[in-house]
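Visitor: My questions will all concern the structure given below.
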Amino acid sequence: MSGHEFVAAFDDATGIDTHDDQTSIGDQTIAEMREIMARYPEPRSALLPMLHLVQSVDGRISDAGVKICADLLGISTAQVNGVATFYTMYKRRPAGKHHIGVCTTTVCAVMGGDVLLDQMKAKLGIDEGETTADGVFSLERLECNAACDFAPVMMVNWEFMDSMTPEKADALIDNLQTGREVRSTRGAHITSWAEAERVLAGFPDGLADEGPTAGPASLAGLQIAREKGWTSPVSPASAAIDGGEPDER
Ligand code: FES
């Protein structure tokens, strides 16, 4: 080692695993990829949802999935790889049936996010970025979920688990493990990471309106403003559009 070797900041800084040729992508998935492409004026704009569809079928961004996306879109596999390895929501190794995220950015960290992450590592017996041997859970450290008013926040399959405590986190994993119904605090009941990925690909599961979408902490300011009769100032631009009516939202 020269002493000047590049050391990646992330443990999993490798690319898509080209040695793993397992795939479940078949004619139906390819037809759905074409359906996604047809939604955009420029077909290559469909790459992001197509990659979510790859994950929903293969449990990761598979090498086969990369090649199929490239073929359908008429772009190179290097271009697809560049996108798939840029965004952290795309997984280069198989994720679990349930993908657990723990936010450890500032507010969540102050409120105990790091403690929750350590607890999850110990309970699941895996490190962040890993999947349990039985394939049920994978674990990830998350950046801010824009849900700081509910810190510390965890996510299961991208659904919010607000205001977590060590006890609630323990019960959450136990309930998922035993197949009991788990409900997001602001969202639908938990299905699976693969099903959530299919929704992100643009195929709704009909659960979007299930459960509350906003919680009391987010609505506190609005509540106070209503009680005190506060309204937002009217900008010249909005006055020109709506006749100067204050925004009541
Ligand atoms: S810091 Fe965790 S949601 Fe913002």
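By order of appearance in the structure tokens: chains A, B, ..., then residues from 1 within every chain, and ligands from 1 in the order shown.
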Quick one: residues within 8 Å of ligand 1, with only C-alpha atoms and all ligand atoms, as JSON, numbers by chain?

Guide: {"A": [103, 104, 105, 106, 107, 108, 109, 113, 142, 143, 144, 145, 146, 147, 148, 149, 150, 151, 152, 153]}

Visitor: Generate a file of the selected residues that holds C-alpha atoms, formatted as a PDB file, in the first residue's frame.

Guide:
ATOM      1  CA  CYS A 103     -32.279   8.783  10.932  1.00  0.00           C
ATOM      2  CA  THR A 104     -29.138  10.017  12.659  1.00  0.00           C
ATOM      3  CA  THR A 105     -29.014  13.554  11.297  1.00  0.00           C
ATOM      4  CA  THR A 106     -28.846  16.443  13.756  1.00  0.00           C
ATOM      5  CA  VAL A 107     -32.287  16.608  15.357  1.00  0.00           C
ATOM      6  CA  CYS A 108     -32.797  12.852  15.414  1.00  0.00           C
ATOM      7  CA  ALA A 109     -29.237  12.392  16.719  1.00  0.00           C
ATOM      8  CA  GLY A 113     -31.161   8.384  16.738  1.00  0.00           C
ATOM      9  CA  LEU A 142     -30.641   7.596   6.955  1.00  0.00           C
ATOM     10  CA  GLU A 143     -30.067  11.268   6.417  1.00  0.00           C
ATOM     11  CA  CYS A 144     -32.797  13.714   7.464  1.00  0.00           C
ATOM     12  CA  ASN A 145     -36.275  12.566   6.407  1.00  0.00           C
ATOM     13  CA  ALA A 146     -37.729  16.069   6.701  1.00  0.00           C
ATOM     14  CA  ALA A 147     -39.691  14.781   9.683  1.00  0.00           C
ATOM     15  CA  CYS A 148     -37.609  16.483  12.382  1.00  0.00           C
ATOM     16  CA  ASP A 149     -40.735  17.497  14.328  1.00  0.00           C
ATOM     17  CA  PHE A 150     -41.203  13.787  15.071  1.00  0.00           C
ATOM     18  CA  ALA A 151     -37.574  13.030  15.980  1.00  0.00           C
ATOM     19  CA  PRO A 152     -36.193  10.498  16.428  1.00  0.00           C
ATOM     20  CA  VAL A 153     -37.610   8.987  13.268  1.00  0.00           C
TER      21      VAL A 153
END

Visitor: Determine, for each residue of stretch 7-123 of chain A having at least one atom at most 8 Å from an atom of stretch 186-209 of chain A, the closest pair of atoms and their separation in Å to one decimal, counting only C-alpha atoms; order by chain and ascending number, as a tab-separated table.

Guide:
residue	atom	partner	partner_atom	distance
A:Ile36	CA	A:Gly202	CA	7.5
A:Leu48	CA	A:Ala201	CA	7.8
A:Pro49	CA	A:Ala201	CA	4.1
A:Met50	CA	A:Ala201	CA	6.1
A:Leu51	CA	A:Ala201	CA	7.6
A:His52	CA	A:Ala201	CA	5.1
A:Leu53	CA	A:Ala201	CA	5.2
A:Gln55	CA	A:Glu197	CA	6.5
A:Ser56	CA	A:Ala194	CA	4.2
A:Val57	CA	A:Ala194	CA	7.0
A:Gly59	CA	A:Ala194	CA	6.6
A:Ala95	CA	A:Trp193	CA	7.9
A:Gly96	CA	A:Trp193	CA	7.3
A:Lys97	CA	A:Ser192	CA	5.6
A:His98	CA	A:Trp193	CA	5.3
A:His99	CA	A:Trp193	CA	6.0

Visitor: Could you save the residues just selected, with N, CA and C atoms, as an mmCIF file, in the first residue's frame?

Guide:
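Below is the file that was written, result.cif:
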data_model
loop_
_atom_site.group_PDB
_atom_site.id
_atom_site.type_symbol
_atom_site.label_atom_id
_atom_site.label_comp_id
_atom_site.auth_asym_id
_atom_site.auth_seq_id
_atom_site.Cartn_x
_atom_site.Cartn_y
_atom_site.Cartn_z
ATOM 1 N N ILE A 36 -43.945 2.375 -18.346
ATOM 2 C CA ILE A 36 -43.360 3.539 -17.644
ATOM 3 C C ILE A 36 -42.763 4.502 -18.661
ATOM 4 N N LEU A 48 -35.412 6.420 -13.568
ATOM 5 C CA LEU A 48 -35.530 6.301 -12.105
ATOM 6 C C LEU A 48 -36.660 5.342 -11.715
ATOM 7 N N PRO A 49 -37.901 5.541 -12.202
ATOM 8 C CA PRO A 49 -38.924 4.558 -11.832
ATOM 9 C C PRO A 49 -38.637 3.151 -12.370
ATOM 10 N N MET A 50 -37.991 3.046 -13.518
ATOM 11 C CA MET A 50 -37.651 1.700 -14.029
ATOM 12 C C MET A 50 -36.700 0.989 -13.071
ATOM 13 N N LEU A 51 -35.777 1.734 -12.487
ATOM 14 C CA LEU A 51 -34.845 1.112 -11.529
ATOM 15 C C LEU A 51 -35.567 0.698 -10.251
ATOM 16 N N HIS A 52 -36.579 1.481 -9.856
ATOM 17 C CA HIS A 52 -37.378 1.044 -8.696
ATOM 18 C C HIS A 52 -38.113 -0.259 -9.039
ATOM 19 N N LEU A 53 -38.577 -0.372 -10.276
ATOM 20 C CA LEU A 53 -39.253 -1.614 -10.675
ATOM 21 C C LEU A 53 -38.265 -2.789 -10.658
ATOM 22 N N GLN A 55 -35.785 -3.105 -8.674
ATOM 23 C CA GLN A 55 -35.618 -3.472 -7.261
ATOM 24 C C GLN A 55 -36.821 -4.254 -6.735
ATOM 25 N N SER A 56 -38.012 -3.881 -7.189
ATOM 26 C CA SER A 56 -39.200 -4.568 -6.679
ATOM 27 C C SER A 56 -39.226 -6.028 -7.138
ATOM 28 N N VAL A 57 -38.624 -6.300 -8.270
ATOM 29 C CA VAL A 57 -38.636 -7.664 -8.814
ATOM 30 C C VAL A 57 -37.412 -8.450 -8.359
ATOM 31 N N GLY A 59 -35.082 -7.382 -5.929
ATOM 32 C CA GLY A 59 -34.633 -7.138 -4.564
ATOM 33 C C GLY A 59 -33.386 -6.295 -4.471
ATOM 34 N N ALA A 95 -31.798 -6.253 -0.545
ATOM 35 C CA ALA A 95 -32.393 -5.702 0.670
ATOM 36 C C ALA A 95 -33.301 -6.760 1.287
ATOM 37 N N GLY A 96 -33.712 -6.516 2.531
ATOM 38 C CA GLY A 96 -34.563 -7.476 3.206
ATOM 39 C C GLY A 96 -36.024 -7.317 2.817
ATOM 40 N N LYS A 97 -36.842 -8.226 3.304
ATOM 41 C CA LYS A 97 -38.288 -8.070 3.099
ATOM 42 C C LYS A 97 -38.727 -6.735 3.689
ATOM 43 N N HIS A 98 -38.132 -6.392 4.824
ATOM 44 C CA HIS A 98 -38.399 -5.085 5.431
ATOM 45 C C HIS A 98 -37.091 -4.311 5.538
ATOM 46 N N HIS A 99 -37.093 -3.128 4.973
ATOM 47 C CA HIS A 99 -35.894 -2.295 5.001
ATOM 48 C C HIS A 99 -36.053 -1.248 6.105
#

Visitor: Among the residues of stretch 6-229 of chain A, find those DSSP assigns to alpha helix (DSSP H) from the backbone and print them as a ChimeraX atom specification.

Guide: /A:27-37,47-58,63-73,77-84,106-110,113-124,166-178,193-200,216-228

Visitor: Set the distance at 12 Å and use only C-alpha atoms: which residues neighbour A:Arg93 once local chain neighbours fewer than 3 positions away are removed? I'd like the list as a PyMOL selection string.

Guide: chain A and resi 12-20+22+55+58-63+84-85+88-90+96+129-132+135+138-139

Visitor: Based on the selection just made, write C-alpha atoms of those residues as a tab-separated table (two decimals), in the first residue's frame.

Guide:
chain	number	residue	atom	x	y	z
A	12	ASP	CA	-20.17	-0.17	0.12
A	13	ALA	CA	-18.55	2.00	-2.52
A	14	THR	CA	-18.45	-0.78	-5.08
A	15	GLY	CA	-20.65	-0.84	-8.16
A	16	ILE	CA	-23.41	-3.16	-9.24
A	17	ASP	CA	-22.49	-6.81	-8.66
A	18	THR	CA	-21.85	-8.07	-12.20
A	19	HIS	CA	-21.02	-11.56	-10.91
A	20	ASP	CA	-24.58	-12.08	-9.69
A	22	GLN	CA	-29.81	-13.89	-10.85
A	55	GLN	CA	-35.62	-3.47	-7.26
A	58	ASP	CA	-34.99	-8.52	-8.11
A	59	GLY	CA	-34.63	-7.14	-4.56
A	60	ARG	CA	-31.69	-5.01	-5.68
A	61	ILE	CA	-30.34	-3.31	-8.79
A	62	SER	CA	-29.37	-6.45	-10.64
A	63	ASP	CA	-26.84	-6.56	-13.45
A	84	ALA	CA	-28.07	3.52	-9.95
A	85	THR	CA	-24.91	4.08	-7.90
A	88	THR	CA	-28.85	5.79	-2.01
A	89	MET	CA	-32.39	4.46	-2.48
A	90	TYR	CA	-30.98	2.06	-5.08
A	96	GLY	CA	-34.56	-7.48	3.21
A	129	GLY	CA	-25.83	-1.67	4.94
A	130	GLU	CA	-26.36	-5.38	5.69
A	131	THR	CA	-29.24	-7.84	5.43
A	132	THR	CA	-30.07	-10.59	7.93
A	135	GLY	CA	-33.53	-12.08	4.31
A	138	SER	CA	-31.93	-4.89	6.09
A	139	LEU	CA	-30.65	-1.85	7.94

Visitor: Hey, can you check how far atom CA of A:Tyr40 sits from atom CA of A:Gly74?

Guide: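 Result for atom CA of A:Tyr40 versus atom CA of A:Gly74: 14.8 Å, one decimal.
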
Visitor: Would you list, as a PyMOL selection string, the residues of stretch 29-249 of chain A that end up in strand (DSSP E or B) under DSSP run on this structure's backbone?

Guide: chain A and resi 98-103+131+137-142+154-156+159-161+183+189

Visitor: Those selected residues, please, written with C-alpha atoms and delivered as a tab-separated table (two decimals), in the first residue's frame.

Guide:
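Below you can see again-v1.tsv, which holds the result:
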chain	number	residue	atom	x	y	z
A	98	HIS	CA	-38.40	-5.08	5.43
A	99	HIS	CA	-35.89	-2.30	5.00
A	100	ILE	CA	-35.29	-0.47	8.27
A	101	GLY	CA	-33.93	3.07	8.22
A	102	VAL	CA	-32.80	5.04	11.24
A	103	CYS	CA	-32.28	8.78	10.93
A	131	THR	CA	-29.24	-7.84	5.43
A	137	PHE	CA	-34.46	-7.28	7.53
A	138	SER	CA	-31.93	-4.89	6.09
A	139	LEU	CA	-30.65	-1.85	7.94
A	140	GLU	CA	-29.59	1.60	6.83
A	141	ARG	CA	-28.49	4.85	8.46
A	142	LEU	CA	-30.64	7.60	6.96
A	154	MET	CA	-37.26	5.52	11.82
A	155	MET	CA	-38.61	4.23	8.52
A	156	VAL	CA	-39.85	0.82	7.47
A	159	GLU	CA	-42.97	4.62	5.72
A	160	PHE	CA	-42.62	6.88	8.77
A	161	MET	CA	-42.26	5.57	12.29
A	183	ARG	CA	-49.06	0.64	10.86
A	189	HIS	CA	-49.90	-0.28	6.95

Visitor: Could you state the separation of atom CA of A:Lys168 and atom CA of A:Lys91 in Å, given to one decimal place?

Guide: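 Between these atoms lies a distance of 26.7 Å.
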